[in-house]
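Reading through the structure tokens given below for one structure.
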Amino acid sequence: MLNPFMLAGLLGLSVPIIIHLIQTQRLKPQPLATLKFLDIEDVANAFHPVPRDILQLILRLILLTLFVLLMSRLIFSSGTVGPRAMAVILDHSMSMQQKAGEGDSLFGQHKRQILELIDGMNEDDRMSLILVGDHVTTETAYLQDKKALREIAEGFEVSDSGALALIPTIQAAVNQLRSRKEINSCAIVFSDHQHLNYANALAEIGSNEAITTSFRSHLGESRVKLLLIDESVSTNDNLTIESASFNPERVTIGSSSRLSAVIRNNAEEEKTSSVRFLEGDTAGVQRSITLQPGEAAHMDLVHRFESSVDTACRIEIDEDVLPGDNAFHLPMRMKDRRQVLLVAPADRDEEESLELSYNGVDLLAYALNPGEALGLGTGTSIHMRRITVRALERVSLPIYSVIILYGVNELSDQSVKDLLVFVQNGGGLFIIPGDEVSPVGFNDTYGALLGGLSIGQLKEPSEVQRLQRSEAQLGHPIFVPMLREEWGDPDDIHFSRYYEVQSTGNALAALRTANGDWLAAVVRRDRGLVVLQFFTASLESSSLPRSTLFVPFVQQIMHVLTREREEAAPEVMRVGEILRVKLPQFRSLGGNVDVSGPEERKFPLSADDESEIRVEGIIKAGAYQVSHPSKKSGGKRWVTVNPVREESDLKTISEENLSRLFGESNVVRIKFDGLASHFASSREWASLLAVFLMVAFAFEALLGAWQSRVGAREEGGPG
């Protein structure tokens, strides 16, 4: 009986009995003159100890009884399985990629089993298909069309997501089946039943015990069965790449970057694997790693990039029981060479002043790009252009990342305004006073750029000064690597003359002598930075140009000054995350941007900022190329997507925790082969009761019509 509460309708049998106990008094009317002007009213009814029209009463009682029994949905044992209402839930999280034997994945095995279940459906069966991961990807109504169900199931694919939505989906399916009142109502869950899939629900039991208890009781009291298909055969013999990153994240052509990866052994025994780096389809370096059970190790692979175009890279380990976590994808966005403008006065003939010599400005040029200064081609990512002060007003400053002013004591008002706008918009300015600079003239010229910082007279201490090694004395960390001996021994450097500080303004000390005098300062102006060096680059002022620290010293200044203008880091995300991608090359094009890779997706350009898209909803890991249909040409742009975290732990949920979630009634954890035995061999009496009901209704109607005719003849008889 599917609706036992409907038996309360049998109480309604008293209604026809009461009606038939009411006896209408039929009196023969006599016309009297005194009653001619009175209203005609029905005669009064009275109860009679014996019901009238016994046969019609019996038929009405039978009719009402059959109707109540039909609504209560009586069932009886049958030789065949009764109609089934099945909510089939398939987990397509990354852990379902684990191997299940014969080269097939657990997801592929479950998919074949679902197709087999569809093919075995009877005419009265109904099935709903639900594909779930972190979100419900696909959900159908309860269908009887096996062809339609098969087409939907054949399109199911495994993802690289988690399974956060598995528990809510199971609860929703069970509650929906409870309301359907079917003979065979069951939610069939095809999953590896990874412990992490249920971890959040287990953690909430303490704070939401009432909700959990309510679900368990409703499931136990209903006819709905929760059938958990468990074919997991994993031995937890799995290695995984947990994370990876480039350092630096962006390089120029011909430069190298170090790829650092974290690899963990989730197996219960020692494992050895090869670790490979691939740039596109080209294999790079390869190393071997051996890990103890549960051990995680950091591994560095250095790769040199010889192409100027952006590329998608990945790091891989040997194949194991779970292929989904054996690769980690990263894009490398190549940087354009930094353009540096070096402005220096012409001490000699202008043409001769641009030739390489051993004075301070030429040593500085050498430190910026040694190979280029020696005529050997590209040596670093910096391309330097050297001009005189008179040419500065004719140069377009925005094309440069950094402007260096060496020994420039005077500038025109227009040049100062241009430099101020350049710095405020994110440019870098490096100022080095010459050997014979007038402090008054220098401060008048650069006052608008230095924000209150001014220099005093040239100081020549009686004893040469070495560097102050205390980092606490510095306001800006630009030269901290030097003090930490990352570039060499800082005690090899001494200073014999430098300019004093007259006023600090809002500047920060970046380098000091042992006696506390400033050697360099950093001034922030809106989006940009200004670095002022208080000593010249000549050999007479300090020993820095003769030391191994000189080139990294200059390169560090270029790095800090250009970092303010560099674009954002390459786009890397996890499955299920949301990433905003800036695409200035597509500005004003409008429409959708194509994101092509393991999935094909389209994302609209933002209405607020036409150069940005919001990438979301991707469930497959890999490298995705970003393009616009209106701009086929141009450099490639990549977004890489990696699997969710923690899916590599293949531990399954215990029976104890399963009972805490679902109780012990109507919940079964079985193999697919044992599924058929959990369907009841019962049928409903609905068809037979409906026939009896129609027959009883017909007899009652005929009997009522006959009695009406008899009553009419009696009333129309002779007086």
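Residues in the structure tokens are named by chain (A, B, ... in the order shown) and by number from 1 within that chain; ligands are numbered from 1 in the order shown.
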
Alpha helix (DSSP H) residues, from DSSP on the backbone, in stretch 188-427 of chain A, as JSON, numbers by chain: {"A": [195, 196, 197, 198, 199, 200, 201, 202, 203, 204, 209, 210, 211, 212, 213, 214, 215, 216, 217, 218, 219, 220, 221, 350, 351, 352, 353, 360, 361, 362, 363, 364, 365, 366, 367, 368, 370, 371, 372, 373, 413, 414, 415, 416, 417, 418, 419, 420, 421, 422, 423, 424]}

Residue neighbourhood A:Ile478, 12 Å, only C-alpha atoms, exclusion window fewer than 2 positions, as a PyMOL selection string: chain A and resi 471+474-476+480-484+508-511+520-523+529+531+552-561+563

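Interatomic distance, atom CA of A:Asn122 to atom CA of A:Ile188: 16.9 Å.
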
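We find atom CA of A:Gly162 and atom CA of A:Gly133 to be spaced 5.6 Å apart.
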
Residue contacts of A:Gly663 (10 Å, only C-alpha atoms) excluding same-chain residues fewer than 4 positions away, as a VMD selection string: chain A and resid 212 to 213 215 to 217 219 to 220 656 to 659 667

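When only C-alpha atoms are used to compute distances to A:Asp413, the closest of the residues A:Glu485, A:Glu102, A:Glu393, A:Asp517 turns out to be A:Glu393.
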
Distance query stretch 537-547 of chain A at most 8 Å, only C-alpha atoms, self and fewer than 3 positions along chain excluded, as a PyMOL selection string: chain A and resi 359-361+363-364+432+492-498+550

Shortest interatomic distance to A:Leu411 - which of A:Leu449, A:Val530, A:Ile619, A:Ile229, counting only C-alpha atoms: A:Leu449

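The space between atom CA of A:Leu458 and atom CA of A:Leu405 spans 18.3 Å.
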
All residues 12 Å or closer to A:Ser214, only C-alpha atoms, same chain fewer than 6 positions away omitted, as a VMD selection string: chain A and resid 171 175 205 208 220 to 221 661 to 663

Those of stretch 402-544 of chain A in DSSP strand (DSSP E), formatted as a PyMOL selection string: chain A and resi 402-406+428-432+454-459+498-503+508-512+518-525+528-533

Which neighbours of stretch 144-157 of chain A fall inside 9 Å, counting only C-alpha atoms, when residues of the same chain fewer than 2 positions from it are skipped, and could you give them as a PDB file with C-alpha atoms, in the first residue's frame?
```pdb
ATOM      1  CA  HIS A  92      32.072  12.958 -12.776  1.00  0.00           C
ATOM      2  CA  PHE A 107      33.837   6.698 -14.861  1.00  0.00           C
ATOM      3  CA  GLY A 108      33.844   4.727 -18.121  1.00  0.00           C
ATOM      4  CA  LYS A 111      28.834   4.906 -17.780  1.00  0.00           C
ATOM      5  CA  ARG A 112      28.544   1.466 -19.428  1.00  0.00           C
ATOM      6  CA  ILE A 114      24.112   3.091 -16.746  1.00  0.00           C
ATOM      7  CA  LEU A 115      23.649   2.339 -20.450  1.00  0.00           C
ATOM      8  CA  ILE A 118      18.701   2.009 -19.604  1.00  0.00           C
ATOM      9  CA  ASP A 119      18.551  -0.889 -22.056  1.00  0.00           C
ATOM     10  CA  MET A 121      14.079  -0.623 -18.636  1.00  0.00           C
ATOM     11  CA  ASN A 122      10.510  -1.949 -18.795  1.00  0.00           C
ATOM     12  CA  GLU A 123       7.614  -0.079 -20.380  1.00  0.00           C
ATOM     13  CA  ASP A 124       6.411   1.289 -17.047  1.00  0.00           C
ATOM     14  CA  ASP A 125       9.862   2.328 -15.803  1.00  0.00           C
ATOM     15  CA  ARG A 126      10.930   5.975 -15.534  1.00  0.00           C
ATOM     16  CA  MET A 127      14.458   7.278 -15.156  1.00  0.00           C
ATOM     17  CA  SER A 128      16.085  10.623 -14.429  1.00  0.00           C
ATOM     18  CA  LEU A 129      19.782  11.134 -15.264  1.00  0.00           C
ATOM     19  CA  LEU A 131      25.544  14.300 -13.850  1.00  0.00           C
ATOM     20  CA  THR A 138      23.056  17.725 -16.391  1.00  0.00           C
ATOM     21  CA  THR A 140      16.687  15.334 -16.858  1.00  0.00           C
ATOM     22  CA  TYR A 142      11.771  11.236 -15.353  1.00  0.00           C
ATOM     23  CA  SER A 159      35.744  16.307 -15.539  1.00  0.00           C
TER      24      SER A 159
END
```

Selection near A:Glu571, 9 Å with only C-alpha atoms, sequence-local residues under 3 positions removed, as number ranges by chain: A: 330-331, 568, 579-581, 638-641

Best match for closeness to A:Met694 among A:Glu463, A:Leu64, A:Glu612, A:Asp160, counting only C-alpha atoms: A:Leu64
